[in-house]
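Colleague: Next comes the structure file query-v2.txt, holding compact mmCIF, C-alpha atoms.
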# COMPACT_ATOMS: atom_id res chain seq x y z
CA MET A 1 45.70 -13.70 -61.58
CA LYS A 2 44.89 -10.19 -60.49
CA ASP A 3 47.34 -7.42 -59.83
CA ILE A 4 46.72 -7.53 -56.12
CA TRP A 5 48.81 -10.69 -55.87
CA LYS A 6 51.94 -8.92 -57.03
CA LYS A 7 54.60 -9.05 -54.37
CA PRO A 8 55.12 -5.72 -52.65
CA ASN A 9 58.29 -3.75 -53.15
CA PHE A 10 58.65 -3.20 -49.44
CA ILE A 11 56.89 -3.84 -46.20
CA ARG A 12 55.31 -0.92 -44.43
CA VAL A 13 56.23 -1.57 -40.84
CA ILE A 14 54.64 0.76 -38.38
CA VAL A 15 56.21 0.91 -34.98
CA LEU A 16 53.95 2.79 -32.62
CA GLY A 17 55.66 4.82 -29.92
CA GLN A 18 58.21 2.95 -27.88
CA SER A 19 56.21 -0.27 -27.94
CA LEU A 20 56.80 -3.27 -30.17
CA ASP A 21 53.47 -3.03 -32.00
CA PHE A 22 53.78 -3.91 -35.65
CA GLU A 23 51.69 -3.65 -38.77
CA PHE A 24 52.81 -5.45 -41.94
CA VAL A 25 50.74 -3.88 -44.67
CA HIS A 26 51.01 -4.49 -48.41
CA GLU A 27 51.32 -1.56 -50.77
CA TYR A 28 48.37 -2.84 -52.81
CA GLN A 29 44.85 -3.02 -51.44
CA CYS A 30 44.97 -6.35 -49.66
CA LYS A 31 41.60 -7.82 -48.73
CA ARG A 32 42.79 -10.18 -46.03
CA ALA A 33 44.02 -9.18 -42.61
CA VAL A 34 45.27 -11.21 -39.70
CA LEU A 35 45.09 -9.79 -36.21
CA LEU A 36 47.63 -11.50 -33.97
CA PHE A 37 47.61 -11.54 -30.19
CA HIS A 38 50.68 -12.21 -28.10
CA GLY A 39 50.70 -14.22 -24.91
CA MET A 40 50.44 -13.33 -21.24
CA THR A 41 53.35 -11.10 -20.10
CA GLY A 42 54.76 -11.29 -23.63
CA SER A 43 54.96 -8.72 -26.39
CA PRO A 44 54.32 -8.53 -30.15
CA PHE A 45 58.00 -9.44 -30.56
CA GLU A 46 57.17 -13.12 -30.04
CA MET A 47 54.64 -13.01 -32.92
CA LYS A 48 56.86 -11.15 -35.35
CA LYS A 49 58.18 -14.20 -37.23
CA MET A 50 54.70 -15.58 -37.65
CA GLY A 51 53.57 -12.12 -38.73
CA ARG A 52 56.27 -11.98 -41.37
CA ALA A 53 55.40 -15.47 -42.65
CA LEU A 54 51.73 -14.50 -42.94
CA PHE A 55 52.65 -11.25 -44.64
CA GLU A 56 54.70 -13.13 -47.23
CA ALA A 57 51.64 -15.32 -47.81
CA ASP A 58 49.68 -12.20 -48.82
CA PHE A 59 47.98 -11.27 -45.60
CA ASP A 60 48.18 -7.85 -44.00
CA VAL A 61 49.24 -8.51 -40.43
CA PHE A 62 48.59 -6.51 -37.28
CA CYS A 63 49.81 -7.11 -33.78
CA TYR A 64 49.47 -4.73 -30.85
CA CYS A 65 50.64 -4.77 -27.27
CA LEU A 66 47.82 -5.81 -24.99
CA PRO A 67 46.95 -3.31 -22.22
CA GLY A 68 49.42 -3.43 -19.35
CA HIS A 69 52.10 -5.09 -21.51
CA GLY A 70 55.16 -3.53 -23.07
CA THR A 71 55.62 -0.84 -20.46
CA SER A 72 56.44 -0.90 -16.76
CA PRO A 73 56.03 -4.29 -15.01
CA ILE A 74 53.76 -2.52 -12.52
CA ASN A 75 51.20 -1.67 -15.23
CA ILE A 76 50.31 -5.28 -15.84
CA LYS A 77 49.02 -5.55 -12.28
CA THR A 78 46.52 -2.77 -12.83
CA VAL A 79 44.67 -4.25 -15.82
CA ARG A 80 41.58 -6.43 -15.93
CA TRP A 81 40.81 -9.13 -18.46
CA GLN A 82 38.03 -6.87 -19.79
CA ASP A 83 40.72 -4.34 -20.76
CA TRP A 84 42.47 -6.97 -22.90
CA TYR A 85 39.17 -8.12 -24.37
CA ASN A 86 37.78 -4.65 -25.14
CA ASP A 87 41.06 -3.45 -26.64
CA SER A 88 41.25 -6.51 -28.88
CA VAL A 89 37.61 -6.14 -29.95
CA ASN A 90 38.31 -2.51 -30.91
CA HIS A 91 41.24 -3.60 -33.07
CA TYR A 92 39.11 -6.30 -34.65
CA LYS A 93 36.28 -3.85 -35.39
CA THR A 94 38.70 -1.37 -36.97
CA LEU A 95 40.11 -4.08 -39.24
CA SER A 96 36.70 -5.51 -40.13
CA GLU A 97 35.72 -2.10 -41.51
CA LYS A 98 38.74 -2.03 -43.82
CA TYR A 99 39.14 -5.67 -44.88
CA ALA A 100 36.86 -8.17 -46.57
CA GLU A 101 38.29 -11.01 -44.48
CA VAL A 102 39.63 -10.70 -40.97
CA TYR A 103 41.37 -13.65 -39.35
CA MET A 104 42.73 -13.88 -35.85
CA GLY A 105 45.62 -15.74 -34.38
CA GLY A 106 47.05 -15.92 -30.93
CA LEU A 107 49.52 -17.61 -28.71
CA CYS A 108 48.72 -18.66 -25.13
CA MET A 109 46.35 -16.03 -23.74
CA GLY A 110 46.17 -14.55 -27.26
CA GLY A 111 44.52 -17.74 -28.46
CA VAL A 112 41.97 -17.54 -25.66
CA LEU A 113 41.28 -13.89 -26.57
CA ALA A 114 40.75 -14.78 -30.23
CA LEU A 115 38.29 -17.53 -29.27
CA ALA A 116 36.48 -15.26 -26.79
CA ILE A 117 36.07 -12.59 -29.49
CA ALA A 118 34.90 -15.13 -32.08
CA ALA A 119 32.24 -16.33 -29.66
CA GLU A 120 30.69 -12.86 -29.68
CA HIS A 121 31.51 -11.74 -33.24
CA GLU A 122 30.38 -13.96 -36.10
CA GLY A 123 32.31 -11.98 -38.72
CA VAL A 124 35.65 -13.54 -37.83
CA LYS A 125 36.69 -15.58 -40.85
CA GLY A 126 39.04 -17.99 -39.12
CA ILE A 127 41.18 -18.52 -36.05
CA VAL A 128 44.59 -20.00 -35.41
CA SER A 129 44.93 -20.66 -31.71
CA LEU A 130 48.35 -21.78 -30.53
CA SER A 131 49.10 -23.21 -27.07
CA THR A 132 45.63 -22.20 -25.91
CA THR A 133 45.91 -21.51 -22.18
CA LEU A 134 42.63 -22.38 -20.55
CA TYR A 135 44.31 -24.11 -17.62
CA LEU A 136 47.68 -23.65 -15.93
CA ASP A 137 48.71 -27.28 -15.64
CA GLY A 138 51.99 -27.56 -17.51
CA TRP A 139 54.94 -29.50 -16.16
CA THR A 140 56.88 -26.43 -14.99
CA ILE A 141 54.11 -25.16 -12.72
CA PRO A 142 55.66 -25.18 -9.21
CA TRP A 143 54.90 -28.02 -6.78
CA TYR A 144 53.29 -25.58 -4.36
CA ASN A 145 50.68 -24.80 -6.99
CA PHE A 146 47.97 -26.27 -4.74
CA PHE A 147 48.27 -23.13 -2.61
CA MET A 148 47.34 -21.06 -5.65
CA PRO A 149 43.66 -20.47 -4.77
CA LEU A 150 44.79 -18.94 -1.45
CA GLY A 151 47.01 -16.55 -3.35
CA LEU A 152 44.65 -15.86 -6.23
CA HIS A 153 41.58 -14.95 -4.22
CA THR A 154 43.24 -12.87 -1.51
CA ILE A 155 45.31 -9.67 -1.69
CA LEU A 156 48.40 -11.87 -2.05
CA ARG A 157 47.84 -11.90 -5.80
CA TYR A 158 49.21 -8.35 -5.92
CA TYR A 159 52.34 -9.42 -4.05
CA TYR A 160 53.29 -12.68 -5.71
CA SER A 161 54.86 -13.29 -9.11
CA PHE A 162 55.82 -16.66 -10.55
CA PRO A 163 59.44 -16.30 -11.63
CA GLU A 164 59.95 -17.21 -15.29
CA ARG A 165 62.51 -20.01 -15.40
CA GLU A 166 64.01 -22.67 -17.60
CA PRO A 167 63.01 -23.79 -20.18
CA TYR A 168 61.31 -20.44 -20.95
CA GLY A 169 58.75 -22.25 -23.09
CA LEU A 170 61.43 -23.40 -25.54
CA LYS A 171 62.69 -26.88 -26.33
CA ASN A 172 65.39 -25.56 -28.64
CA GLU A 173 68.38 -25.06 -26.33
CA VAL A 174 70.19 -22.55 -28.55
CA LEU A 175 67.11 -20.37 -28.73
CA ARG A 176 66.53 -20.81 -25.01
CA LYS A 177 69.95 -19.35 -24.23
CA LYS A 178 69.34 -16.47 -26.60
CA ILE A 179 65.92 -15.73 -25.09
CA ALA A 180 67.34 -15.92 -21.57
CA ALA A 181 70.02 -13.40 -22.51
CA LEU A 182 67.51 -11.24 -24.33
CA GLN A 183 65.15 -11.31 -21.40
CA LYS A 184 67.81 -9.80 -19.17
CA ARG A 185 68.04 -6.82 -21.50
CA ASN A 186 64.49 -6.59 -22.77
CA THR A 187 62.13 -4.82 -20.41
CA GLU A 188 59.11 -5.24 -22.69
CA ALA A 189 58.73 -8.94 -21.95
CA LEU A 190 58.45 -9.68 -18.26
CA ASP A 191 60.67 -12.26 -16.59
CA ASN A 192 57.91 -13.22 -14.19
CA TYR A 193 54.18 -13.88 -14.19
CA PRO A 194 52.40 -11.62 -11.68
CA MET A 195 49.72 -13.62 -9.92
CA SER A 196 47.19 -10.83 -10.50
CA CYS A 197 47.82 -11.36 -14.21
CA ILE A 198 47.24 -15.10 -13.84
CA TYR A 199 44.05 -14.29 -11.91
CA GLU A 200 42.81 -12.19 -14.83
CA LEU A 201 43.88 -14.84 -17.36
CA LEU A 202 41.94 -17.51 -15.46
CA LYS A 203 38.90 -15.21 -15.40
CA LEU A 204 39.24 -14.65 -19.15
CA SER A 205 39.61 -18.42 -19.61
CA LYS A 206 36.46 -18.99 -17.56
CA PHE A 207 34.61 -16.48 -19.74
CA ALA A 208 35.94 -18.15 -22.90
CA ARG A 209 35.06 -21.66 -21.67
CA LYS A 210 31.53 -20.52 -20.88
CA ASN A 211 31.09 -19.10 -24.39
CA MET A 212 32.98 -21.79 -26.27
CA CYS A 213 29.77 -23.37 -27.57
CA LYS A 214 28.99 -20.08 -29.38
CA VAL A 215 32.11 -20.36 -31.56
CA THR A 216 31.17 -21.31 -35.11
CA THR A 217 34.25 -19.83 -36.78
CA PRO A 218 36.69 -22.29 -38.40
CA VAL A 219 39.44 -22.96 -35.89
CA LEU A 220 42.92 -24.43 -36.15
CA LEU A 221 44.41 -25.49 -32.83
CA MET A 222 48.07 -26.36 -32.39
CA HIS A 223 49.49 -27.42 -29.07
CA ALA A 224 52.80 -28.98 -28.06
CA LYS A 225 52.47 -32.36 -26.35
CA GLN A 226 55.20 -31.32 -23.94
CA ASP A 227 53.95 -27.77 -23.32
CA ASP A 228 55.62 -26.61 -20.10
CA LEU A 229 52.98 -24.04 -19.10
CA THR A 230 49.66 -25.54 -20.11
CA SER A 231 48.81 -29.11 -21.04
CA THR A 232 46.90 -30.09 -24.17
CA LYS A 233 43.74 -30.27 -22.02
CA GLY A 234 42.86 -26.66 -22.94
CA SER A 235 43.08 -27.17 -26.69
CA LYS A 236 41.19 -30.46 -26.44
CA PHE A 237 38.46 -28.66 -24.49
CA VAL A 238 38.18 -26.08 -27.26
CA TYR A 239 38.12 -28.74 -29.97
CA ASN A 240 35.38 -30.71 -28.20
CA ASN A 241 33.18 -27.73 -27.33
CA ILE A 242 33.20 -25.35 -30.29
CA LYS A 243 30.40 -25.65 -32.82
CA SER A 244 32.60 -24.93 -35.83
CA GLU A 245 32.14 -27.19 -38.82
CA ILE A 246 35.79 -26.75 -39.74
CA LYS A 247 38.08 -27.46 -36.84
CA ASN A 248 41.50 -28.99 -36.69
CA TYR A 249 43.65 -29.97 -33.79
CA ILE A 250 47.33 -30.71 -34.24
CA GLU A 251 49.71 -31.90 -31.52
CA LEU A 252 53.32 -30.86 -31.93
CA GLU A 253 55.98 -33.38 -30.98
CA ASP A 254 59.13 -31.28 -30.76
CA SER A 255 58.16 -27.99 -29.09
CA TYR A 256 57.25 -26.50 -25.74
CA HIS A 257 54.91 -23.57 -25.09
CA LEU A 258 56.35 -20.96 -27.48
CA VAL A 259 55.49 -22.87 -30.64
CA VAL A 260 56.00 -19.77 -32.82
CA MET A 261 59.69 -19.71 -31.87
CA ASP A 262 60.54 -23.33 -31.16
CA ASN A 263 61.77 -26.24 -33.31
CA GLU A 264 58.56 -26.64 -35.29
CA ARG A 265 57.87 -22.98 -35.97
CA ASP A 266 58.16 -23.36 -39.76
CA TYR A 267 55.62 -26.17 -39.68
CA VAL A 268 53.35 -24.02 -37.48
CA PHE A 269 53.59 -21.10 -39.93
CA LYS A 270 53.02 -23.26 -43.02
CA THR A 271 50.08 -25.10 -41.48
CA SER A 272 48.53 -21.82 -40.34
CA ILE A 273 48.91 -20.26 -43.79
CA ASP A 274 47.48 -23.35 -45.53
CA PHE A 275 44.54 -23.33 -43.14
CA LEU A 276 43.79 -19.63 -43.60
CA ASN A 277 44.18 -19.92 -47.39
CA SER A 278 41.76 -22.84 -47.42
CA LEU A 279 39.14 -20.54 -45.87
CA SER A 280 39.84 -17.52 -48.01
CA ASP A 281 37.99 -16.27 -51.06
CA PHE A 282 41.07 -14.28 -52.01
CA ALA A 283 43.80 -16.86 -51.62
CA PRO A 284 46.70 -16.64 -54.09
CA GLY A 285 45.97 -18.80 -57.10
CA LEU A 286 42.25 -18.17 -56.86
CA GLU A 287 40.41 -15.65 -58.97
CA SER A 288 38.81 -12.94 -56.86
CA GLY A 289 35.46 -14.09 -55.61
CA GLN A 290 36.16 -17.75 -56.22
CA VAL A 291 35.32 -19.58 -53.08
CA ALA A 292 38.11 -21.70 -51.71
CA GLU A 293 37.25 -25.17 -50.68
CA SER A 294 37.34 -25.37 -46.95
CA ALA A 295 39.15 -28.62 -46.88
CA GLY A 296 40.98 -27.95 -43.64
CA VAL A 297 44.52 -29.05 -43.05
CA MET B 298 52.18 -8.22 36.68
CA LYS B 299 55.56 -9.81 36.27
CA PHE B 300 56.02 -11.66 32.96
CA ASP B 301 56.66 -15.30 33.66
CA ILE B 302 57.32 -17.70 30.77
CA ILE B 303 56.29 -20.69 32.88
CA ASN B 304 52.91 -19.08 33.59
CA VAL B 305 52.44 -18.38 29.88
CA LEU B 306 53.27 -22.00 29.06
CA ASN B 307 50.82 -23.19 31.71
CA ILE B 308 48.08 -21.01 30.20
CA LEU B 309 48.94 -22.34 26.73
CA LYS B 310 48.68 -25.93 28.04
CA LEU B 311 45.15 -25.23 29.23
CA MET B 312 44.11 -23.79 25.88
CA PRO B 313 42.80 -25.99 23.07
CA VAL B 314 45.44 -26.68 20.38
CA SER B 315 43.21 -25.11 17.74
CA LEU B 316 43.12 -21.83 19.68
CA VAL B 317 46.91 -21.83 20.19
CA LEU B 318 47.38 -22.42 16.47
CA LEU B 319 44.90 -19.67 15.68
CA ILE B 320 46.66 -17.14 17.93
CA VAL B 321 50.16 -18.03 16.66
CA SER B 322 49.18 -18.01 12.95
CA ASN B 323 47.22 -14.81 13.50
CA LEU B 324 50.20 -13.07 15.10
CA LEU B 325 52.56 -14.24 12.36
CA LEU B 326 50.13 -13.12 9.66
CA ILE B 327 49.92 -9.64 11.16
CA ILE B 328 53.72 -9.40 11.35
CA GLY B 329 53.99 -10.82 7.80
CA PHE B 330 51.58 -8.33 6.28
CA VAL B 331 53.18 -5.39 8.09
CA VAL B 332 56.64 -6.46 6.82
CA GLY B 333 55.25 -7.07 3.32
CA LYS B 334 53.64 -3.63 3.27
CA ILE B 335 56.90 -1.94 4.33
CA ILE B 336 58.97 -3.82 1.72
CA LEU B 337 56.34 -3.13 -0.97
CA HIS B 338 56.51 0.55 -0.11
CA LYS B 339 60.30 0.55 -0.46
CA ASN B 340 60.75 -1.73 -3.47
CA LYS B 341 57.81 -2.69 -5.65
CA ASN B 342 59.97 -4.97 -7.82
CA ALA B 343 61.40 -7.21 -5.09
CA VAL B 344 60.10 -10.27 -6.97
CA LYS B 345 62.19 -12.86 -5.13
CA PHE B 346 61.29 -11.51 -1.71
CA PHE B 347 57.59 -11.49 -2.54
CA ALA B 348 57.79 -15.02 -3.98
CA TYR B 349 59.02 -16.41 -0.63
CA PHE B 350 56.84 -13.99 1.33
CA SER B 351 53.70 -15.15 -0.48
CA VAL B 352 54.44 -18.83 0.02
CA VAL B 353 54.94 -18.25 3.77
CA ILE B 354 51.75 -16.17 4.01
CA CYS B 355 49.84 -18.88 2.08
CA VAL B 356 51.03 -21.54 4.55
CA LEU B 357 50.04 -19.29 7.47
CA PHE B 358 46.66 -18.61 5.90
CA ALA B 359 46.14 -22.36 5.51
CA ILE B 360 46.98 -22.93 9.22
CA TYR B 361 44.76 -19.95 10.18
CA PHE B 362 41.78 -21.34 8.22
CA ILE B 363 42.27 -24.88 9.52
CA SER B 364 42.50 -23.70 13.13
CA ILE B 365 39.32 -21.60 12.79
CA ILE B 366 37.39 -24.54 11.33
CA TRP B 367 38.90 -26.91 13.93
CA PHE B 368 37.98 -24.61 16.83
CA ALA B 369 34.48 -23.97 15.48
CA LEU B 370 33.76 -27.69 15.03
CA CYS B 371 35.09 -28.55 18.50
CA ASN B 372 32.89 -25.89 20.11
CA LEU B 373 29.75 -26.43 18.06
CA PHE B 374 27.76 -27.75 21.04
CA THR B 375 29.40 -25.79 23.85
CA PRO B 376 28.53 -22.37 25.34
CA GLN B 377 31.27 -20.95 23.11
CA ALA B 378 29.32 -21.85 19.95
CA VAL B 379 28.29 -18.23 19.39
CA TYR B 380 31.94 -17.12 19.40
CA SER B 381 32.76 -19.93 17.00
CA VAL B 382 30.19 -18.60 14.57
CA VAL B 383 31.66 -15.07 14.91
CA LEU B 384 35.12 -16.53 14.35
CA MET B 385 33.88 -18.22 11.17
CA ILE B 386 33.27 -14.77 9.68
CA PHE B 387 37.04 -14.24 9.72
CA LEU B 388 37.40 -17.34 7.58
CA PHE B 389 35.84 -15.49 4.67
CA MET B 390 37.31 -12.05 5.30
CA PRO B 391 40.58 -12.54 3.31
CA PHE B 392 38.53 -13.67 0.30
CA ILE B 393 36.04 -10.81 0.62
CA ILE B 394 38.92 -8.30 0.85
CA GLY B 395 40.65 -10.03 -2.07
CA ARG B 396 37.48 -9.77 -4.14
CA PHE B 397 37.46 -5.97 -3.93
CA ALA B 398 41.21 -5.30 -3.80
CA THR B 399 42.97 -3.45 -6.61
CA TYR B 400 46.67 -2.87 -7.15
CA GLU B 401 46.20 0.90 -7.03
CA ARG B 402 44.79 0.61 -3.49
CA ILE B 403 46.92 -2.28 -2.31
CA HIS B 404 48.14 -0.43 0.81
CA PHE B 405 44.58 0.41 1.85
CA TYR B 406 43.40 -3.18 1.42
CA THR B 407 46.47 -4.54 3.20
CA ASN B 408 45.58 -2.27 6.13
CA ILE B 409 42.01 -3.62 6.11
CA GLN B 410 43.45 -7.17 6.09
CA ILE B 411 45.71 -6.35 9.04
CA LEU B 412 42.78 -4.81 10.96
CA THR B 413 40.60 -7.89 10.45
CA LEU B 414 43.48 -10.09 11.62
CA ILE B 415 43.86 -7.92 14.74
CA ALA B 416 40.10 -8.23 15.36
CA SER B 417 40.23 -12.01 15.09
CA LEU B 418 43.28 -12.06 17.39
CA ILE B 419 41.40 -10.04 20.02
CA LEU B 420 38.47 -12.46 19.76
CA ALA B 421 40.81 -15.45 20.05
CA PHE B 422 42.47 -13.93 23.14
CA GLY B 423 39.01 -13.28 24.57
CA LEU B 424 38.14 -16.94 24.12
CA ALA B 425 41.43 -17.98 25.72
CA VAL B 426 40.82 -15.85 28.79
Kindly return the structure encoded in the file as structure tokens.

Modeller:
Amino acid sequence: MKDIWKKPNFIRVIVLGQSLDFEFVHEYQCKRAVLLFHGMTGSPFEMKKMGRALFEADFDVFCYCLPGHGTSPINIKTVRWQDWYNDSVNHYKTLSEKYAEVYMGGLCMGGVLALAIAAEHEGVKGIVSLSTTLYLDGWTIPWYNFFMPLGLHTILRYYYSFPEREPYGLKNEVLRKKIAALQKRNTEALDNYPMSCIYELLKLSKFARKNMCKVTTPVLLMHAKQDDLTSTKGSKFVYNNIKSEIKNYIELEDSYHLVVMDNERDYVFKTSIDFLNSLSDFAPGLESGQVAESAGV
Amino acid sequence: MKFDIINVLNILKLMPVSLVLLIVSNLLLIIGFVVGKIILHKNKNAVKFFAYFSVVICVLFAIYFISIIWFALCNLFTPQAVYSVVLMIFLFMPFIIGRFATYERIHFYTNIQILTLIASLILAFGLAV
């Protein structure tokens, strides 16, 4: 076993400005990096536990606020999906220059972003896409959803916001109460979904769906059966349309949309780590350069 | 001319239902957008107000579109067919404006929307007369 697998003495956490961006970087020269993307109207805060779990599994982890997020609620209405995409590609390119292996992971819109990037960049080593939001068809979508096209394609999209409401993407009731209380204080995560943001997400989803057949990167998809925001249709679409030789799709039984915080989060973290390790040439327990068997999960 | 509600009702009775619906929805949409613009100017974060506001505007838009299509179909083979075609342009206007709208210029595009609604209202009144 090489020295690089020694556990670090401390984590170098970089908090950039007032935002919740985080970088978990090992003291030694780690060769594997994971770039995480948070969900629509969320913040890196929601990915922090997953980031820490990946860091403890010997990955350097990076997660940045997507453009328009983490500041004033007004800012999110001014961004386009291309801003999210280009910003994420820039982060990916920066990491790919420094690391031998760059993986990506994302929740909700973050998963869609990771897949959209992988479609255009073959160097991505692997993807973990959680609660992939290609369609907004979850069970908490309001009954008047059929009016949505009228709102989305007219100037109304800059007026309307879907109010975030119970269950806040969480099946765990204790956590739900905590998140609800936190949301009242925390201005970084919005308590509503601006329709203009949904418009941009749906455009990004359309772009991703169109390019899905170009994805050859190994992909792990995890989606809660009872997802309140988006049904499993999106993840199934990805699974059926990507050209990856290694692809896994897991349905979670005891979670809602925020699978990285809900009842099965430990399972999600462990499965993700096992999947990424199975793809890695530098996984703990392997000599450097020894190719891991891509057995999947 | 003295305003007489009975005369107005009599005129309304003579008008096709689609045209009455078009005029009423058009008027309400203009009022709605003006109110929305004023509230937006005063409080950009009035999420609850804009939630209800948007649902009402969506319903009105739906009635507006249906009445335009209804009127156009009913007058396809009448001398008013040309006006029906002109009216059909207004069916697409909200979507064309929405295509180019940005949040930074929301007031400008709301004004354009209001102006197109006023134009369609004038045309509808012209057809009624």

Colleague: Counting all atoms listed in the file, a student should be able to say which residues of chain A come within 7 Å of chain B; what is the right answer, written as a PyMOL selection string?

Modeller: chain A and resi 77-78+147+150-151+153-156+158-161

Colleague: To one decimal place, how far is CA of His69 in chain A from CA of Leu113 in chain A in Å?

Modeller: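 Spanning CA of His69 in chain A to CA of Leu113 in chain A is a straight-line distance of 14.8 Å.
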
Colleague: Applying 10 Å and all atoms listed in the file, which residues near Lys270 in chain A remain after dropping the ones on its own chain fewer than 6 positions away? List them as a ChimeraX atom specification.

Modeller: /A:50,53-54,57,276

Colleague: Report, in Å with one decimal, the straight-line distance from CA of His38 in chain A to CA of Tyr239 in chain A.

Modeller: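 Separation between CA of His38 in chain A and CA of Tyr239 in chain A: 20.8 Å.
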
Colleague: Could you tell me, as a PyMOL selection string, which residues have any atom at most 10 Å from (53.8, -13.6, -25.6), counting only C-alpha atoms?

Modeller: chain A and resi 37-47+65-66+69+106-110+189-190+258+260

Colleague: List the neighbours of range 310-317 of chain B out to 7 Å using only C-alpha atoms; skip same-chain residues closer than 4 positions along the sequence, and give me the result as a list of chain:residue names.

Modeller: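 Contacts, in chain order: B:Leu306, B:Val321, B:Ser364, B:Trp367, B:Phe368, B:Ala421, B:Ala425.
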
Colleague: What does the structure give for the distance between CA of Ile250 in chain A and CA of Lys225 in chain A, in Å to one decimal?

Modeller: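 Distance between the two atoms: 9.6 Å.
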
Colleague: Between B:Tyr361, B:Thr375, B:Leu324, B:Ser381, which residue has the minimum interatomic distance to Ile415 in chain B, considering only C-alpha atoms?

Modeller: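 For Ile415 in chain B, the nearest of the candidates is B:Leu324.
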
Colleague: Excluding Phe387 in chain B and any residue of its chain fewer than 6 positions from it, enumerate the residues within 8 Å of it, using all atoms listed in the file, and give them as a ChimeraX atom specification.

Modeller: /B:413-414,417

Colleague: Neighbouring residues of Leu152 in chain A were defined as those with any atom within 8 Å, considering all atoms listed in the file; residues of the same chain fewer than 5 positions away were excluded. Please report them as an NGL selection string.

Modeller: :A and (157 or 195-196 or 199)

Colleague: Report as a PyMOL selection string all protein, DNA and RNA residues lying within 12 Å of Asn172 in chain A, evaluated on only C-alpha atoms, omitting residues in the same chain fewer than 4 positions from it.

Modeller: chain A and resi 166-168+176-179+254-265

Colleague: Counting only C-alpha atoms, which of A:Thr230, A:Ile198, A:Ser205, A:Lys125 gets nearest to Ile246 in chain A?

Modeller: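 When distances to Ile246 in chain A are compared using only C-alpha atoms, the smallest one comes from A:Lys125.
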